[in-house]
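Undergrad: Have a look at the structure that comes next, please.
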Amino acid sequence: MMRGVTGRLMLLDTASLYFRAYFGVPDSVRAPDGTPVNAVRGLLEFIDRLVKDHRPDDLVACMDADWRPQWRVDLIPSYKAHRVAEERESGPDEEEVPDTLSPQVPIIEAVLDALGIARVGVAGYEADDVIGTFTGRAEGPVDIVTGDRDLYQLVDDARGVRVLYPLKGVGSPQLTDEAWLREKYGVDGRGYADLALLRGDPSDGLPGVPGIGEKTAAKLLAEFGDLAGIMAAVDDPKAKLTPSQRRRLDESRPYVAVAPKVVKVADDVPLPEVTTALPDAPRDGETLEALAARWGLGGSLQRLVTTLGARRA
């Protein structure tokens, strides 16, 4: 899978970051042939800043080999259904992605490969699942960089797992630890998946339990401990549930039975053998030079190469 990672491991939710780069960098940033490369250059600048500021020893760009896995859709058919651009009989459905972003993804992949930055996507799984599995197997602290709050469920102070959530760019990310989660949501990392499941998430097509919003979900979790405790309370006439809460939770049993597997990130993804150590120098300098010239990556790429090289000092 990977060599024993005992230093600081940084895991990038790569699609989350290049989407942000695409919308944050003007599409007037183009290659010599006029092709927009704003997502490419923006992502390289993100990685440069993250390496400078947080000094990871190992870094993996985690990819969505399947952004809407069939096993999740089988459990909750509405899962991400509103984001499907085209259904396919074989292989993953096509996600709705801006026309000028899609062609930039292969460029991003080629540049990361030439740099020697580990890039991992596994068929049948989302990047979140790859991140969850790497996190579970890491022996040292882990920084997860994502604009997706779903990954808050992995936050674990005891293991040094935190989420860096970009606010404006990546220069001042919100450092999400358990204290922050408790203050904001009233739960720790483990409780966040149950909170999200109860509350629902329109952006992912998760219906949630009708009438149970974020604050009510947090109160129920504080009272009964976890989702299993809440559902046990539905069957206990002495439990402190309002009649409407009891009814709605009871009516939502089919959803509650399958939602945990959909909402919780997988931790058993079959990861490939991969070297996660950040390189000090590009793996394939000749290819990297050719990519830089063809796509006009200029200072964005050169700054990252310089930053990686400076780690030897």
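Chain identifiers are assigned as A, B, and so on, following the order in which chains appear in the structure tokens; residues are numbered from 1 within each chain, and ligands are numbered from 1 in order of appearance.
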What lies within 9 Å of A:Ala292 using only C-alpha atoms, ignoring chain neighbours under 6 positions off, as a PyMOL selection string?

TA: chain A and resi 111+298+301-302

Undergrad: Can you list, as a PyMOL selection string, every protein, DNA or RNA residue that comes within 9 Å of stretch 213-221 of chain A when you count only C-alpha atoms, leaving out same-chain residues fewer than 6 positions away?

TA: chain A and resi 185-187+191+194-196+198-200+227+229-230+241

Undergrad: Give me a file of those residues, with C-alpha atoms, as a compact mmCIF listing (two decimals), in the first residue's frame.

TA:
```txt
# COMPACT_ATOMS: atom_id res chain seq x y z
CA TYR A 185 -21.52 21.86 15.76
CA GLY A 186 -21.59 20.42 19.27
CA VAL A 187 -19.96 17.16 18.14
CA GLY A 191 -20.15 12.47 15.75
CA ASP A 194 -24.15 11.13 12.40
CA LEU A 195 -24.95 14.86 12.47
CA ALA A 196 -24.62 15.12 8.67
CA LEU A 198 -29.59 13.34 10.35
CA ARG A 199 -29.43 16.89 8.99
CA GLY A 200 -29.10 15.83 5.36
CA LEU A 227 -27.20 7.47 15.94
CA GLY A 229 -28.62 5.64 20.78
CA ILE A 230 -31.10 7.98 19.12
CA LEU A 241 -38.15 12.89 22.43
```

Undergrad: Which residue out of A:Cys62, A:Leu249, A:Ala290, A:Ala110 has the minimum interatomic distance to A:Ile212 when only C-alpha atoms are used?

TA: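 Counting only C-alpha atoms, the residue closest to A:Ile212 is A:Leu249.
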
Undergrad: Residues at most 8 Å from A:Gly147, counting only C-alpha atoms, excluding those fewer than 3 positions away in the same chain, as a VMD selection string?

TA: chain A and resid 13 16 to 17 165 to 166

Undergrad: May I ask which of the residues A:Lys184, A:Arg149, A:Arg311, A:Lys80 is the closest one to A:Ala277, counting only C-alpha atoms?

TA: A:Arg311

Undergrad: Write out as a PyMOL selection string the residues lying within 9 Å of A:Thr176, counting only C-alpha atoms and excluding same-chain residues fewer than 4 positions away.

TA: chain A and resi 152+155+162-165+180-181

Undergrad: The selected residues should be written to file as a PDB file, in the first residue's frame (atoms: C-alpha atoms).

TA:
```pdb
ATOM      1  CA  TYR A 152     -14.725  16.661   9.292  1.00  0.00           C
ATOM      2  CA  VAL A 155     -10.866  14.812  12.718  1.00  0.00           C
ATOM      3  CA  ARG A 162      -7.103  17.767  11.394  1.00  0.00           C
ATOM      4  CA  VAL A 163      -8.784  19.337   8.382  1.00  0.00           C
ATOM      5  CA  LEU A 164      -7.396  22.445   6.674  1.00  0.00           C
ATOM      6  CA  TYR A 165     -10.505  24.020   5.158  1.00  0.00           C
ATOM      7  CA  TRP A 180     -13.521  23.810  16.779  1.00  0.00           C
ATOM      8  CA  LEU A 181     -16.061  21.121  15.836  1.00  0.00           C
TER       9      LEU A 181
END
```

Undergrad: Please identify the strand (DSSP E or B) residues within stretch 130-298 of chain A (assignment by DSSP from backbone atoms) and present them as a list in words.

TA: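 Strand (DSSP E or B) assignments inside stretch 130-298 of chain A correspond to Val142, Asp143, Ile144, Val145, Asp156, Val161, Arg162, Val163, Leu164, Tyr165, Gln174, Leu175, Thr176, Asp201, Leu206, Val274 and Ala277 of chain A.
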
Undergrad: Check the smallest atom-to-atom distance from each of A:Arg119, A:Arg72, A:Arg49, A:Arg8 to A:Thr275 using only C-alpha atoms, then report the winner.

TA: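 Nearest to A:Thr275: A:Arg119.
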
Undergrad: Would you pick out the contacts of A:Gly296 at 8 Å or less, using only C-alpha atoms, so that residues sharing its chain but fewer than 4 positions from it are not included, and give the list as a list of chain:residue names?

TA: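 Neighbouring residues, sequence-local ones excluded: A:Arg30, A:Ala31, A:Pro32, A:Leu291, A:Ala292.
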
Undergrad: Include C-alpha atoms and write out the residues we just selected as a PDB file, in the first residue's frame.

TA:
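This is the output file again_6.pdb:
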```
ATOM      1  CA  ARG A  30      -4.187  30.734 -20.636  1.00  0.00           C
ATOM      2  CA  ALA A  31      -1.605  28.581 -22.388  1.00  0.00           C
ATOM      3  CA  PRO A  32       0.211  29.908 -25.474  1.00  0.00           C
ATOM      4  CA  LEU A 291       4.583  20.604 -20.017  1.00  0.00           C
ATOM      5  CA  ALA A 292       5.612  24.007 -18.652  1.00  0.00           C
TER       6      ALA A 292
END
```

Undergrad: What lies within 9 Å of A:Leu9 using only C-alpha atoms, ignoring chain neighbours under 6 positions off, as a VMD selection string?

TA: chain A and resid 56 to 60 135 138 140 to 144 276 to 277

Undergrad: Ranking A:Val29, A:Ile107, A:Leu271, A:Ala239 by minimum distance to A:Gly132 and counting only C-alpha atoms, which one comes first?

TA: A:Leu271

Undergrad: Quick one: of A:Arg182, A:Arg159, A:Arg137, A:Lys238, who's nearest to A:Asp268, counting only C-alpha atoms?

TA: A:Arg137

Undergrad: Between A:Leu101, A:Ala281, A:Val37, A:Ile131, which is the closest to A:Thr146 once you count only C-alpha atoms?

TA: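 The shortest atom-to-atom distance to A:Thr146 comes from A:Ile131.
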
Undergrad: Give me, as a ChimeraX atom specification, all polymer residues having an atom no more than 12 Å from stretch 234-237 of chain A, counting only C-alpha atoms and skipping those fewer than 5 positions away in the same chain.

TA: /A:220,224,227-229,242-253

Undergrad: Please save C-alpha atoms of the selected residues as a tab-separated table (two decimals), in the first residue's frame.

TA:
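Just written: part-v9.tsv:
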```tsv
chain	number	residue	atom	x	y	z
A	220	LEU	CA	-30.16	14.58	20.06
A	224	PHE	CA	-28.30	9.95	23.30
A	227	LEU	CA	-27.20	7.47	15.94
A	228	ALA	CA	-27.76	4.01	17.45
A	229	GLY	CA	-28.62	5.64	20.78
A	242	THR	CA	-41.00	15.10	21.29
A	243	PRO	CA	-43.88	13.24	19.62
A	244	SER	CA	-42.97	14.72	16.23
A	245	GLN	CA	-39.28	13.77	16.60
A	246	ARG	CA	-40.24	10.23	17.56
A	247	ARG	CA	-42.61	9.93	14.61
A	248	ARG	CA	-40.21	11.38	12.07
A	249	LEU	CA	-37.30	9.24	13.22
A	250	ASP	CA	-39.52	6.16	13.19
A	251	GLU	CA	-40.72	6.93	9.65
A	252	SER	CA	-37.11	7.46	8.55
A	253	ARG	CA	-35.90	4.01	9.61
```

Undergrad: Would you please extract all helix (DSSP H, G or I) residues from stretch 38-261 of chain A, as assigned by DSSP on the backbone, and give them as a PyMOL selection string?

TA: chain A and resi 38-54+70-75+81-83+104-115+127-137+149-154+157-159+178-185+189-199+202-204+214-224+227-234+243-251+253-261

Undergrad: At what distance in Å, to one decimal, does atom CA of A:Leu50 lie from atom CA of A:Pro173?

TA: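 Separation of atom CA of A:Pro173 and atom CA of A:Leu50: 9.7 Å.
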